[in-house]
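Printed here is model.txt (compact mmCIF, C-alpha atoms):
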```
# COMPACT_ATOMS: atom_id res chain seq x y z
CA MET A 1 -106.45 -10.55 -67.06
CA ALA A 2 -103.65 -11.16 -64.64
CA LYS A 3 -102.83 -14.74 -63.85
CA ARG A 4 -101.73 -15.90 -60.48
CA ARG A 5 -98.05 -16.20 -59.92
CA LYS A 6 -97.82 -19.64 -58.58
CA GLY A 7 -95.00 -20.43 -56.23
CA SER A 8 -93.98 -24.05 -55.93
CA LYS A 9 -95.11 -24.19 -52.34
CA LEU A 10 -95.72 -27.75 -51.12
CA PHE A 11 -98.79 -28.49 -49.09
CA LYS A 12 -98.91 -31.40 -46.74
CA TYR A 13 -102.05 -33.47 -46.53
CA LYS A 14 -103.61 -33.69 -43.10
CA PRO A 15 -107.07 -35.01 -42.32
CA VAL A 16 -109.49 -32.27 -41.40
CA SER A 17 -113.21 -31.80 -40.91
CA VAL A 18 -114.80 -30.78 -44.18
CA LYS A 19 -117.10 -28.47 -42.30
CA ASP A 20 -114.18 -26.64 -40.74
CA LEU A 21 -112.58 -26.37 -44.15
CA LEU A 22 -115.72 -24.93 -45.71
CA ILE A 23 -116.18 -22.44 -42.88
CA GLU A 24 -112.61 -21.27 -43.20
CA MET A 25 -112.98 -20.97 -46.96
CA LYS A 26 -116.14 -18.93 -46.50
CA ASP A 27 -114.45 -16.57 -44.05
CA ILE A 28 -111.39 -16.12 -46.22
CA SER A 29 -113.30 -15.57 -49.46
CA GLU A 30 -115.50 -12.90 -47.89
CA LEU A 31 -112.50 -11.23 -46.31
CA MET A 32 -110.48 -11.33 -49.53
CA VAL A 33 -113.18 -9.72 -51.62
CA ASP A 34 -113.75 -7.01 -49.00
CA LEU A 35 -110.05 -6.33 -48.65
CA ALA A 36 -109.48 -6.30 -52.39
CA TYR A 37 -111.95 -3.46 -52.93
CA SER A 38 -110.59 -1.62 -49.89
CA SER A 39 -107.04 -1.86 -51.20
CA ILE A 40 -108.18 -0.05 -54.34
CA LEU A 41 -110.18 2.59 -52.50
CA PHE A 42 -107.32 3.43 -50.13
CA LYS A 43 -104.56 2.77 -52.69
CA ASN A 44 -103.12 0.64 -49.94
CA LYS A 45 -100.43 -1.83 -50.93
CA GLU A 46 -100.36 -3.49 -47.52
CA ILE A 47 -104.03 -4.42 -47.81
CA ALA A 48 -103.37 -5.60 -51.37
CA GLU A 49 -100.54 -7.78 -50.09
CA ASP A 50 -102.85 -9.26 -47.44
CA VAL A 51 -105.11 -10.27 -50.31
CA SER A 52 -102.22 -12.05 -52.03
CA GLU A 53 -101.36 -13.84 -48.80
CA LEU A 54 -104.94 -14.96 -48.38
CA GLU A 55 -104.90 -16.11 -51.98
CA SER A 56 -102.15 -18.60 -51.23
CA LYS A 57 -103.97 -19.68 -48.09
CA MET A 58 -107.02 -20.35 -50.26
CA ASP A 59 -104.88 -22.36 -52.67
CA GLU A 60 -103.91 -24.56 -49.76
CA LEU A 61 -107.52 -25.04 -48.60
CA ASN A 62 -108.65 -25.80 -52.13
CA TYR A 63 -105.89 -28.35 -52.40
CA ARG A 64 -107.02 -29.95 -49.17
CA ILE A 65 -110.65 -30.16 -50.16
CA ARG A 66 -109.69 -31.72 -53.51
CA ILE A 67 -107.53 -34.36 -51.81
CA THR A 68 -110.29 -35.10 -49.29
CA ALA A 69 -112.72 -35.54 -52.17
CA MET A 70 -110.42 -37.85 -54.07
CA LEU A 71 -109.78 -40.00 -51.03
CA ALA A 72 -113.51 -40.47 -50.61
CA ALA A 73 -113.91 -42.00 -54.05
CA ARG A 74 -113.87 -45.76 -54.07
CA SER A 75 -115.96 -46.50 -57.10
CA VAL A 76 -117.02 -44.95 -60.37
CA GLU A 77 -120.27 -43.80 -58.74
CA ASP A 78 -118.40 -42.18 -55.90
CA ALA A 79 -116.12 -40.43 -58.33
CA GLU A 80 -119.06 -39.09 -60.30
CA ARG A 81 -120.68 -37.70 -57.18
CA ILE A 82 -117.47 -36.24 -55.94
CA SER A 83 -116.97 -34.26 -59.09
CA ALA A 84 -119.33 -31.69 -57.53
CA VAL A 85 -116.80 -31.14 -54.78
CA LEU A 86 -114.12 -30.49 -57.37
CA HIS A 87 -116.52 -28.13 -59.09
CA PHE A 88 -116.90 -26.27 -55.80
CA ALA A 89 -113.13 -26.09 -55.36
CA SER A 90 -112.72 -24.55 -58.79
CA ALA A 91 -115.50 -22.00 -58.16
CA SER A 92 -113.99 -20.98 -54.87
CA GLU A 93 -110.60 -20.68 -56.52
CA LYS A 94 -112.17 -18.44 -59.14
CA ILE A 95 -113.42 -16.09 -56.41
CA SER A 96 -110.04 -15.94 -54.78
CA ASN A 97 -108.25 -15.35 -58.09
CA ALA A 98 -110.65 -12.56 -59.00
CA ALA A 99 -110.00 -10.89 -55.63
CA GLY A 100 -106.30 -11.28 -56.37
CA ASP A 101 -106.81 -9.60 -59.75
CA LEU A 102 -108.48 -6.66 -58.01
CA ALA A 103 -105.57 -6.34 -55.59
CA ASN A 104 -103.14 -6.49 -58.50
CA ILE A 105 -104.50 -3.18 -59.73
CA ILE A 106 -102.82 -1.63 -56.71
CA LEU A 107 -99.78 -3.91 -56.54
CA ARG A 108 -99.00 -3.09 -60.18
CA ASP A 109 -99.64 0.63 -59.83
CA MET A 110 -102.34 0.65 -62.45
CA LYS A 111 -103.95 4.03 -62.94
CA VAL A 112 -107.37 4.00 -61.30
CA HIS A 113 -110.19 5.96 -62.91
CA PRO A 114 -112.01 8.50 -60.66
CA ILE A 115 -115.32 6.72 -61.29
CA VAL A 116 -113.94 3.71 -59.44
CA TYR A 117 -113.36 5.83 -56.32
CA GLU A 118 -116.79 7.32 -56.64
CA ALA A 119 -118.27 3.81 -56.78
CA LEU A 120 -116.27 2.41 -53.89
CA GLU A 121 -116.67 5.42 -51.61
CA ASP A 122 -120.39 5.10 -51.90
CA ALA A 123 -120.47 2.00 -49.72
CA GLU A 124 -121.89 2.59 -46.25
CA GLU A 125 -119.08 0.75 -44.58
CA GLN A 126 -115.41 0.54 -45.29
CA ILE A 127 -112.60 -1.68 -44.20
CA GLU A 128 -109.28 -0.50 -42.89
CA ARG A 129 -106.31 -1.97 -41.09
CA PHE A 130 -104.50 -0.45 -38.13
CA GLU A 131 -101.52 -1.57 -36.13
CA VAL A 132 -101.94 -1.60 -32.34
CA THR A 133 -99.00 0.40 -31.02
CA PRO A 134 -97.45 -0.32 -27.59
CA GLY A 135 -99.01 2.87 -26.23
CA SER A 136 -102.51 1.95 -27.25
CA LYS A 137 -105.06 1.15 -24.55
CA LEU A 138 -106.21 -1.72 -26.73
CA ALA A 139 -103.04 -3.72 -26.10
CA ARG A 140 -103.76 -6.61 -23.70
CA MET A 141 -107.50 -5.88 -23.81
CA THR A 142 -110.12 -8.44 -24.86
CA LEU A 143 -112.45 -7.55 -27.70
CA LYS A 144 -115.32 -7.84 -25.26
CA LYS A 145 -113.84 -5.19 -22.99
CA ALA A 146 -112.97 -2.94 -25.93
CA GLU A 147 -116.67 -2.77 -26.89
CA LEU A 148 -115.78 -1.38 -30.28
CA GLY A 149 -119.05 -2.58 -31.76
CA SER A 150 -121.40 -0.90 -29.35
CA LYS A 151 -119.31 2.21 -28.70
CA ILE A 152 -117.94 3.19 -32.08
CA GLY A 153 -119.78 0.87 -34.46
CA ILE A 154 -116.65 -0.94 -35.56
CA TYR A 155 -116.32 -4.66 -36.04
CA VAL A 156 -112.95 -6.37 -36.01
CA ILE A 157 -113.24 -8.95 -38.78
CA ALA A 158 -109.71 -10.28 -38.63
CA VAL A 159 -106.51 -9.83 -36.69
CA LYS A 160 -103.10 -10.26 -38.22
CA ARG A 161 -100.42 -11.39 -35.80
CA LYS A 162 -96.95 -12.07 -37.20
CA ASP A 163 -97.57 -14.51 -40.03
CA SER A 164 -100.99 -15.75 -39.03
CA ILE A 165 -104.42 -14.26 -39.52
CA LYS A 166 -107.28 -14.92 -37.13
CA TYR A 167 -110.66 -14.49 -38.81
CA ASN A 168 -113.79 -13.53 -36.91
CA PRO A 169 -112.04 -13.28 -33.55
CA THR A 170 -114.36 -14.04 -30.62
CA LYS A 171 -115.15 -11.74 -27.67
CA GLY A 172 -112.51 -13.37 -25.51
CA PHE A 173 -109.74 -12.64 -28.02
CA VAL A 174 -106.94 -10.68 -26.36
CA ILE A 175 -105.43 -7.93 -28.49
CA LYS A 176 -101.64 -7.61 -28.29
CA GLU A 177 -99.36 -4.78 -29.26
CA GLY A 178 -98.15 -5.21 -32.83
CA ASP A 179 -101.42 -6.84 -33.87
CA ILE A 180 -102.94 -5.52 -37.05
CA LEU A 181 -106.67 -5.12 -36.72
CA ILE A 182 -108.71 -5.42 -39.90
CA ALA A 183 -111.90 -3.60 -39.08
CA ARG A 184 -115.15 -2.74 -40.77
CA GLY A 185 -117.42 0.17 -40.04
CA GLY A 186 -118.39 3.74 -40.85
CA ASN A 187 -115.78 6.40 -41.59
CA THR A 188 -116.16 8.18 -38.25
CA GLY A 189 -115.73 4.95 -36.32
CA LEU A 190 -112.67 4.03 -38.35
CA GLU A 191 -111.11 7.43 -37.65
CA ILE A 192 -111.68 6.88 -33.93
CA LEU A 193 -110.21 3.40 -34.10
CA LYS A 194 -107.16 4.83 -35.85
CA SER A 195 -106.47 7.18 -32.95
CA ILE A 196 -107.16 4.45 -30.41
CA CYS A 197 -104.69 2.10 -32.09
CA SER A 198 -102.01 4.73 -32.33
CA GLY A 199 -102.43 5.56 -28.64
CA ILE A 200 -103.62 9.14 -29.17
CA LYS A 201 -107.04 8.34 -27.82
CA ALA A 202 -107.26 6.60 -24.44
CA LYS A 203 -111.02 6.75 -23.93
CA TRP A 204 -113.87 5.96 -26.27
CA MET B 205 -121.87 4.76 -63.87
CA ALA B 206 -120.38 4.76 -60.40
CA GLY B 207 -123.80 3.73 -59.13
CA ILE B 208 -123.84 0.65 -61.34
CA LEU B 209 -120.41 -0.41 -60.17
CA THR B 210 -121.36 0.14 -56.52
CA ARG B 211 -124.34 -2.14 -56.95
CA MET B 212 -122.26 -4.77 -58.72
CA LYS B 213 -119.75 -4.71 -55.91
CA ASN B 214 -122.38 -4.95 -53.18
CA TYR B 215 -124.23 -7.76 -54.90
CA SER B 216 -121.12 -9.76 -55.63
CA GLU B 217 -120.01 -9.53 -51.99
CA LEU B 218 -123.45 -10.60 -50.85
CA MET B 219 -123.41 -13.50 -53.30
CA VAL B 220 -120.11 -14.85 -52.01
CA ALA B 221 -121.40 -14.85 -48.44
CA LEU B 222 -124.76 -16.35 -49.39
CA SER B 223 -123.41 -19.04 -51.70
CA TYR B 224 -121.16 -20.45 -49.00
CA THR B 225 -123.99 -20.25 -46.47
CA ALA B 226 -126.27 -22.13 -48.87
CA LEU B 227 -123.64 -24.82 -49.27
CA LEU B 228 -122.83 -25.12 -45.57
CA TYR B 229 -126.47 -25.49 -44.60
CA ASP B 230 -127.69 -27.22 -47.73
CA ASN B 231 -130.29 -24.56 -48.29
CA LYS B 232 -132.02 -24.10 -51.60
CA TYR B 233 -133.78 -20.80 -50.76
CA ILE B 234 -130.49 -19.11 -50.24
CA ALA B 235 -129.04 -20.72 -53.35
CA GLU B 236 -131.99 -19.39 -55.33
CA GLU B 237 -131.40 -15.89 -53.93
CA VAL B 238 -127.87 -16.14 -55.26
CA MET B 239 -129.18 -17.12 -58.70
CA GLU B 240 -131.54 -14.15 -58.74
CA LEU B 241 -128.71 -11.83 -57.82
CA GLU B 242 -126.59 -13.36 -60.57
CA GLU B 243 -129.15 -12.30 -63.14
CA ILE B 244 -129.12 -8.76 -61.77
CA VAL B 245 -125.32 -8.63 -61.83
CA ASP B 246 -125.28 -9.92 -65.41
CA LYS B 247 -127.52 -7.07 -66.48
CA LEU B 248 -125.47 -4.53 -64.56
CA ASN B 249 -122.32 -5.91 -66.12
CA TYR B 250 -123.78 -5.42 -69.57
CA GLU B 251 -124.87 -1.86 -68.72
CA MET B 252 -121.45 -1.09 -67.33
CA GLY B 253 -119.69 -2.42 -70.42
CA LYS B 254 -121.90 -0.29 -72.63
CA LYS B 255 -121.27 2.84 -70.55
CA ILE B 256 -117.51 2.31 -70.58
CA LEU B 257 -117.52 1.97 -74.37
CA GLU B 258 -119.67 5.08 -74.77
CA LYS B 259 -117.28 6.99 -72.58
CA ALA B 260 -114.25 5.66 -74.45
CA SER B 261 -115.37 7.43 -77.62
CA LYS B 262 -115.49 10.76 -75.82
CA VAL B 263 -112.24 10.84 -73.88
CA ASP B 264 -108.77 11.61 -75.18
CA ASN B 265 -107.17 8.74 -73.32
CA PRO B 266 -109.37 5.66 -73.51
CA GLU B 267 -106.58 3.85 -71.69
CA ASP B 268 -107.67 5.59 -68.51
CA LEU B 269 -110.79 3.49 -68.61
CA LEU B 270 -108.88 0.21 -68.39
CA SER B 271 -109.11 0.04 -64.62
CA LEU B 272 -112.90 0.23 -64.91
CA PHE B 273 -112.93 -2.76 -67.22
CA HIS B 274 -110.57 -4.64 -64.99
CA ILE B 275 -112.69 -4.09 -61.88
CA THR B 276 -115.99 -4.77 -63.62
CA GLU B 277 -114.64 -8.00 -65.01
CA ALA B 278 -113.27 -9.21 -61.67
CA THR B 279 -116.55 -8.33 -59.97
CA GLU B 280 -118.52 -10.23 -62.60
CA THR B 281 -116.19 -13.23 -62.18
CA ILE B 282 -116.77 -13.23 -58.43
CA ALA B 283 -120.54 -13.15 -58.90
CA ASP B 284 -120.32 -15.89 -61.50
CA ALA B 285 -118.27 -18.18 -59.29
CA ALA B 286 -120.66 -17.62 -56.38
CA SER B 287 -123.55 -18.70 -58.59
CA GLU B 288 -121.60 -21.84 -59.56
CA ILE B 289 -121.41 -22.71 -55.87
CA ALA B 290 -125.13 -22.03 -55.47
CA ASP B 291 -125.80 -24.23 -58.48
CA ILE B 292 -124.23 -27.20 -56.69
CA VAL B 293 -126.78 -26.71 -53.90
CA ILE B 294 -129.69 -26.37 -56.31
CA ARG B 295 -128.77 -29.57 -58.11
CA GLY B 296 -128.88 -31.44 -54.82
CA ILE B 297 -126.12 -31.69 -52.32
CA ASP B 298 -127.33 -35.04 -50.95
CA ALA B 299 -125.56 -36.79 -53.71
CA HIS B 300 -122.15 -35.65 -52.55
CA PRO B 301 -120.76 -37.58 -49.60
CA ILE B 302 -118.16 -34.95 -48.75
CA PHE B 303 -120.72 -32.20 -48.36
CA LYS B 304 -123.13 -34.56 -46.66
CA GLN B 305 -120.51 -35.27 -44.05
CA ALA B 306 -120.09 -31.54 -43.45
CA MET B 307 -123.85 -31.08 -43.09
CA LYS B 308 -124.03 -33.85 -40.52
CA GLU B 309 -121.70 -31.96 -38.25
CA THR B 310 -124.24 -29.27 -37.59
CA ASP B 311 -127.74 -29.28 -36.18
CA GLN B 312 -128.37 -25.70 -37.12
CA ILE B 313 -130.73 -24.96 -39.95
CA ILE B 314 -131.57 -21.96 -42.03
CA SER B 315 -135.08 -20.72 -42.08
CA LYS B 316 -136.91 -18.05 -43.98
CA VAL B 317 -139.51 -16.16 -41.96
CA LYS B 318 -141.81 -13.47 -43.29
CA ILE B 319 -143.02 -10.73 -40.99
CA CYS B 320 -146.80 -10.59 -41.35
CA ALA B 321 -149.31 -7.92 -40.36
CA ASP B 322 -149.88 -7.50 -36.61
CA SER B 323 -146.63 -9.20 -35.71
CA ILE B 324 -145.54 -7.86 -32.34
CA ILE B 325 -142.03 -7.18 -33.59
CA ILE B 326 -142.94 -4.69 -36.32
CA GLY B 327 -141.35 -1.31 -35.65
CA LYS B 328 -138.90 -2.71 -33.15
CA THR B 329 -135.15 -3.03 -33.37
CA PHE B 330 -133.36 -6.36 -33.07
CA GLN B 331 -131.91 -5.05 -29.85
CA GLU B 332 -135.37 -4.46 -28.37
CA ILE B 333 -136.61 -7.86 -29.39
CA LYS B 334 -133.47 -9.51 -28.02
CA LEU B 335 -133.88 -11.95 -30.85
CA GLN B 336 -130.59 -13.69 -30.52
CA SER B 337 -130.68 -14.24 -26.78
CA LYS B 338 -134.34 -15.27 -26.75
CA THR B 339 -134.50 -17.54 -29.77
CA GLY B 340 -130.86 -18.33 -30.42
CA ILE B 341 -131.45 -17.32 -34.01
CA TYR B 342 -128.91 -15.25 -35.84
CA ILE B 343 -130.46 -13.23 -38.64
CA PHE B 344 -127.90 -12.99 -41.41
CA LEU B 345 -130.05 -11.56 -44.17
CA VAL B 346 -133.17 -9.48 -44.51
CA LYS B 347 -134.97 -9.10 -47.79
CA ARG B 348 -137.05 -5.96 -47.97
CA GLY B 349 -138.71 -5.56 -51.36
CA LYS B 350 -135.83 -5.57 -53.78
CA ASP B 351 -133.22 -4.73 -51.18
CA HIS B 352 -130.96 -7.22 -49.49
CA ILE B 353 -129.57 -6.30 -46.09
CA TYR B 354 -126.74 -8.57 -45.10
CA SER B 355 -125.96 -9.12 -41.41
CA PRO B 356 -128.31 -6.41 -40.13
CA LYS B 357 -127.10 -4.62 -37.01
CA LYS B 358 -128.87 -4.45 -33.68
CA TYR B 359 -130.52 -1.10 -34.40
CA PHE B 360 -132.18 -2.54 -37.50
CA ILE B 361 -135.95 -1.90 -37.38
CA VAL B 362 -138.22 -4.73 -38.49
CA GLU B 363 -141.00 -3.80 -40.93
CA GLU B 364 -144.04 -5.65 -42.14
CA GLY B 365 -143.27 -7.77 -45.20
CA ASP B 366 -139.58 -8.15 -44.34
CA ILE B 367 -138.27 -11.61 -44.99
CA LEU B 368 -135.76 -12.67 -42.37
CA TYR B 369 -133.25 -15.42 -43.03
CA GLY B 370 -132.11 -16.88 -39.74
CA LEU B 371 -129.64 -19.49 -38.69
CA GLY B 372 -130.24 -21.56 -35.60
CA MET B 373 -131.89 -24.57 -34.03
CA GLU B 374 -135.33 -25.72 -35.06
CA SER B 375 -136.92 -24.80 -31.71
CA GLY B 376 -135.69 -21.23 -32.05
CA ILE B 377 -137.04 -20.97 -35.58
CA GLU B 378 -140.47 -21.95 -34.28
CA LYS B 379 -140.33 -19.15 -31.73
CA LEU B 380 -139.33 -16.71 -34.43
CA GLN B 381 -142.26 -17.84 -36.56
CA GLU B 382 -144.63 -17.15 -33.69
CA LEU B 383 -143.19 -13.66 -33.28
CA ALA B 384 -143.51 -13.06 -37.01
CA ASN B 385 -147.19 -14.00 -36.93
CA CYS B 386 -146.99 -15.89 -40.21
CA LYS B 387 -147.74 -19.51 -40.84
CA PRO B 388 -144.54 -21.45 -41.40
CA ARG B 389 -143.85 -22.28 -44.99
CA ALA B 390 -142.38 -25.52 -46.14
```
Encoded form using structure tokens:
Amino acid sequence: MAKRRKGSKLFKYKPVSVKDLLIEMKDISELMVDLAYSSILFKNKEIAEDVSELESKMDELNYRIRITAMLAARSVEDAERISAVLHFASASEKISNAAGDLANIILRDMKVHPIVYEALEDAEEQIERFEVTPGSKLARMTLKKAELGSKIGIYVIAVKRKDSIKYNPTKGFVIKEGDILIARGGNTGLEILKSICSGIKAKW
Amino acid sequence: MAGILTRMKNYSELMVALSYTALLYDNKYIAEEVMELEEIVDKLNYEMGKKILEKASKVDNPEDLLSLFHITEATETIADAASEIADIVIRGIDAHPIFKQAMKETDQIISKVKICADSIIIGKTFQEIKLQSKTGIYIFLVKRGKDHIYSPKKYFIVEEGDILYGLGMESGIEKLQELANCKPRA
């Protein structure tokens, strides 16, 4: 099984709410697993690379939760109780590494057996990513106004802008040209979103 | 064979979402759901392994089957790790100050509500009931028999016997229990 290639990236400790950390870790893990399978289904290296990026983001969050745990230990009893937090960090790292392994199938051009496609295509919903071109009506529109959920049954689960990723964007989120929308939904809806993002479709 | 893998994938994704939810809201029901799913995934993993080996003896290039192994293994690892997270909840989160601190920051709770006979919401969609705007409860999981429906959409139709897992304030949960026509369970 592929091992992570670990860069020697340095993380800086900053105090943070544990709840916020856990929520972010939840969002990222779900997204990573979803994206990993999608990268295989669509043989899409860009999606696979997103997974790798998220993997290093997860490394950082896992590091932060470990440090927070260690700082909370002031006695042997504390340390014993806190070991559960470290246990959590290692489990969440395992999830993110496994998603990374899935994405590696695509990044390393491994031959994928037809049964895999059959299995992955079977899912009711798929995930795809589309870039919002300057000509798209979506540029400068809020998600609320776009009404993608009610009109085409598509949910934007994350938006990639330059080097940052916004997970679960809220209704007030304003889409900009150049944004990459990571969306989930049925095939028909995704096809429509594709033409909206490219600017071919102006009404939906 | 594809069917087994599809189920493994769906369950493992569900388990990741549920295990974190169980942890965030210190909820043992959800953690136990994850453990049940883990057993199912274990069995499916075994079935899948057997099927791949059977197939390997019949094809000219067993190497072609490597990707299947790779994916099955990663999927099993994901499910396994999710159950490790759920296990922390089952063993009692109270003991861990870090998690306790996170729990304190929220007043939302998770509740499990069964839809009983004669409930006025049977046969209606979430949209019709306006569940979220009326009760403030977000239903993130529905258990129907053996099926798990994660984040059901607004056109989801409620049936008798469905078990809804909702996230929200206590007052909203009470309202939901009234609608469900079932006595609240501890």
Out of A:Phe42, A:Phe88, A:Tyr117, A:Phe130, which residue has the shortest atom-to-atom distance to A:Asp179 when counting all atoms listed in the file?
-> A:Phe130
Which residues, written as a PyMOL selection string, have at least one atom at most 12 Å from stretch 163-177 of chain A, with all atoms listed in the file counted and residues fewer than 6 positions away on the same chain left out?
-> chain A and resi 23-32+50-51+53-54+57+130-149+155-157+183-184+197-199
Using all atoms listed in the file, the residue out of B:Asp246, B:Asp264, B:Glu236, B:Asp284 with shortest distance to chain A is B:Asp284
Residue among A:Arg108, A:Lys151, A:His113, A:Lys201 lying closest to A:Glu49, counting all atoms listed in the file =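 Selected residue with least distance to A:Glu49: A:Arg108.
Distance-wise, atom CA of B:Phe344 and atom CA of A:Ile127 end up 19.2 Å apart.
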Got a sec to pull out which chain B residues are within 9 Å of chain A, counting all atoms listed in the file, and send them as JSON, numbers by chain?
-> {"B": [205, 206, 207, 208, 209, 210, 211, 213, 214, 216, 217, 218, 220, 221, 223, 224, 225, 227, 228, 268, 269, 270, 271, 272, 274, 275, 277, 278, 279, 280, 281, 282, 283, 284, 285, 286, 287, 288, 289, 292, 297, 299, 300, 301, 302, 303, 305, 306, 307, 308, 309, 310]}
For stretch 362-379 of chain B, what centre and edge lengths in Å (one decimal) does the axis-aligned box get once 3 Å is added on each side of all its listed atoms, as AutoDock Vina command-line options?
```
--center_x -136.8 --center_y -14.8 --center_z -38.5 --size_x 20.4 --size_y 27.9 --size_z 19.5
```
Rank nothing, just name the residue among B:Ile325, B:Asp351, B:Gly370, B:Ala226 nearest to B:Leu241, using all atoms listed in the file.
-> B:Asp351
Write out as a compact mmCIF listing (two decimals) with C-alpha atoms, in the coordinates of the input which residues come within 12 Å of stretch 327-341 of chain B when counting all atoms listed in the file, dropping same-chain ones fewer than 4 positions away.
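part_25.txt, written as the output of this step:
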```txt
# COMPACT_ATOMS: atom_id res chain seq x y z
CA SER A 150 -121.40 -0.90 -29.35
CA GLN B 312 -128.37 -25.70 -37.12
CA ILE B 313 -130.73 -24.96 -39.95
CA ILE B 314 -131.57 -21.96 -42.03
CA SER B 315 -135.08 -20.72 -42.08
CA LYS B 316 -136.91 -18.05 -43.98
CA VAL B 317 -139.51 -16.16 -41.96
CA ILE B 319 -143.02 -10.73 -40.99
CA ALA B 321 -149.31 -7.92 -40.36
CA ASP B 322 -149.88 -7.50 -36.61
CA SER B 323 -146.63 -9.20 -35.71
CA LEU B 345 -130.05 -11.56 -44.17
CA VAL B 346 -133.17 -9.48 -44.51
CA SER B 355 -125.96 -9.12 -41.41
CA PRO B 356 -128.31 -6.41 -40.13
CA LYS B 357 -127.10 -4.62 -37.01
CA LYS B 358 -128.87 -4.45 -33.68
CA TYR B 359 -130.52 -1.10 -34.40
CA PHE B 360 -132.18 -2.54 -37.50
CA ILE B 361 -135.95 -1.90 -37.38
CA VAL B 362 -138.22 -4.73 -38.49
CA GLU B 363 -141.00 -3.80 -40.93
CA GLU B 364 -144.04 -5.65 -42.14
CA GLY B 365 -143.27 -7.77 -45.20
CA ASP B 366 -139.58 -8.15 -44.34
CA LEU B 368 -135.76 -12.67 -42.37
CA TYR B 369 -133.25 -15.42 -43.03
CA GLY B 370 -132.11 -16.88 -39.74
CA LEU B 371 -129.64 -19.49 -38.69
CA GLY B 372 -130.24 -21.56 -35.60
CA MET B 373 -131.89 -24.57 -34.03
CA GLU B 374 -135.33 -25.72 -35.06
CA SER B 375 -136.92 -24.80 -31.71
CA GLY B 376 -135.69 -21.23 -32.05
CA ILE B 377 -137.04 -20.97 -35.58
CA GLU B 378 -140.47 -21.95 -34.28
CA LYS B 379 -140.33 -19.15 -31.73
CA LEU B 380 -139.33 -16.71 -34.43
CA GLN B 381 -142.26 -17.84 -36.56
CA GLU B 382 -144.63 -17.15 -33.69
CA LEU B 383 -143.19 -13.66 -33.28
CA ALA B 384 -143.51 -13.06 -37.01
```
For atom CA of A:Lys160 and atom CA of A:Leu181, quote the distance in Å rounded to one decimal.
->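 Computing it gives 6.4 Å between the two atoms.
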Gap from atom CA of A:Gln126 to atom CA of A:Ile152 - Å, one decimal | 13.7 Å
Which is closest to B:Leu248 among B:Asp230, B:Thr276, B:Asn265, B:Ala260, if we use only C-alpha atoms?
->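 Among the listed residues, B:Thr276 lies closest to B:Leu248.
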Place N, CA and C atoms on stretch 218-230 of chain B and deliver the coordinates as an mmCIF file, keeping the file's coordinate frame.
```
data_model
loop_
_atom_site.group_PDB
_atom_site.id
_atom_site.type_symbol
_atom_site.label_atom_id
_atom_site.label_comp_id
_atom_site.auth_asym_id
_atom_site.auth_seq_id
_atom_site.Cartn_x
_atom_site.Cartn_y
_atom_site.Cartn_z
ATOM 1 N N LEU B 218 -122.314 -9.901 -51.458
ATOM 2 C CA LEU B 218 -123.450 -10.600 -50.850
ATOM 3 C C LEU B 218 -123.536 -12.032 -51.382
ATOM 4 N N MET B 219 -123.322 -12.173 -52.684
ATOM 5 C CA MET B 219 -123.410 -13.500 -53.300
ATOM 6 C C MET B 219 -122.371 -14.474 -52.776
ATOM 7 N N VAL B 220 -121.167 -13.968 -52.549
ATOM 8 C CA VAL B 220 -120.110 -14.850 -52.010
ATOM 9 C C VAL B 220 -120.554 -15.367 -50.646
ATOM 10 N N ALA B 221 -120.986 -14.450 -49.782
ATOM 11 C CA ALA B 221 -121.400 -14.850 -48.440
ATOM 12 C C ALA B 221 -122.567 -15.833 -48.507
ATOM 13 N N LEU B 222 -123.563 -15.512 -49.335
ATOM 14 C CA LEU B 222 -124.760 -16.350 -49.390
ATOM 15 C C LEU B 222 -124.492 -17.713 -50.030
ATOM 16 N N SER B 223 -123.626 -17.763 -51.034
ATOM 17 C CA SER B 223 -123.410 -19.040 -51.700
ATOM 18 C C SER B 223 -122.758 -20.040 -50.742
ATOM 19 N N TYR B 224 -121.791 -19.560 -49.976
ATOM 20 C CA TYR B 224 -121.160 -20.450 -49.000
ATOM 21 C C TYR B 224 -122.161 -20.867 -47.915
ATOM 22 N N THR B 225 -122.983 -19.926 -47.488
ATOM 23 C CA THR B 225 -123.990 -20.250 -46.470
ATOM 24 C C THR B 225 -124.940 -21.317 -47.012
ATOM 25 N N ALA B 226 -125.368 -21.155 -48.262
ATOM 26 C CA ALA B 226 -126.270 -22.130 -48.870
ATOM 27 C C ALA B 226 -125.621 -23.511 -48.879
ATOM 28 N N LEU B 227 -124.350 -23.544 -49.188
ATOM 29 C CA LEU B 227 -123.640 -24.820 -49.270
ATOM 30 C C LEU B 227 -123.483 -25.443 -47.878
ATOM 31 N N LEU B 228 -123.077 -24.614 -46.919
ATOM 32 C CA LEU B 228 -122.830 -25.120 -45.570
ATOM 33 C C LEU B 228 -124.086 -25.679 -44.920
ATOM 34 N N TYR B 229 -125.233 -25.066 -45.243
ATOM 35 C CA TYR B 229 -126.470 -25.490 -44.600
ATOM 36 C C TYR B 229 -127.421 -26.153 -45.573
ATOM 37 N N ASP B 230 -126.899 -26.536 -46.708
ATOM 38 C CA ASP B 230 -127.690 -27.220 -47.730
ATOM 39 C C ASP B 230 -129.047 -26.564 -47.893
#
```
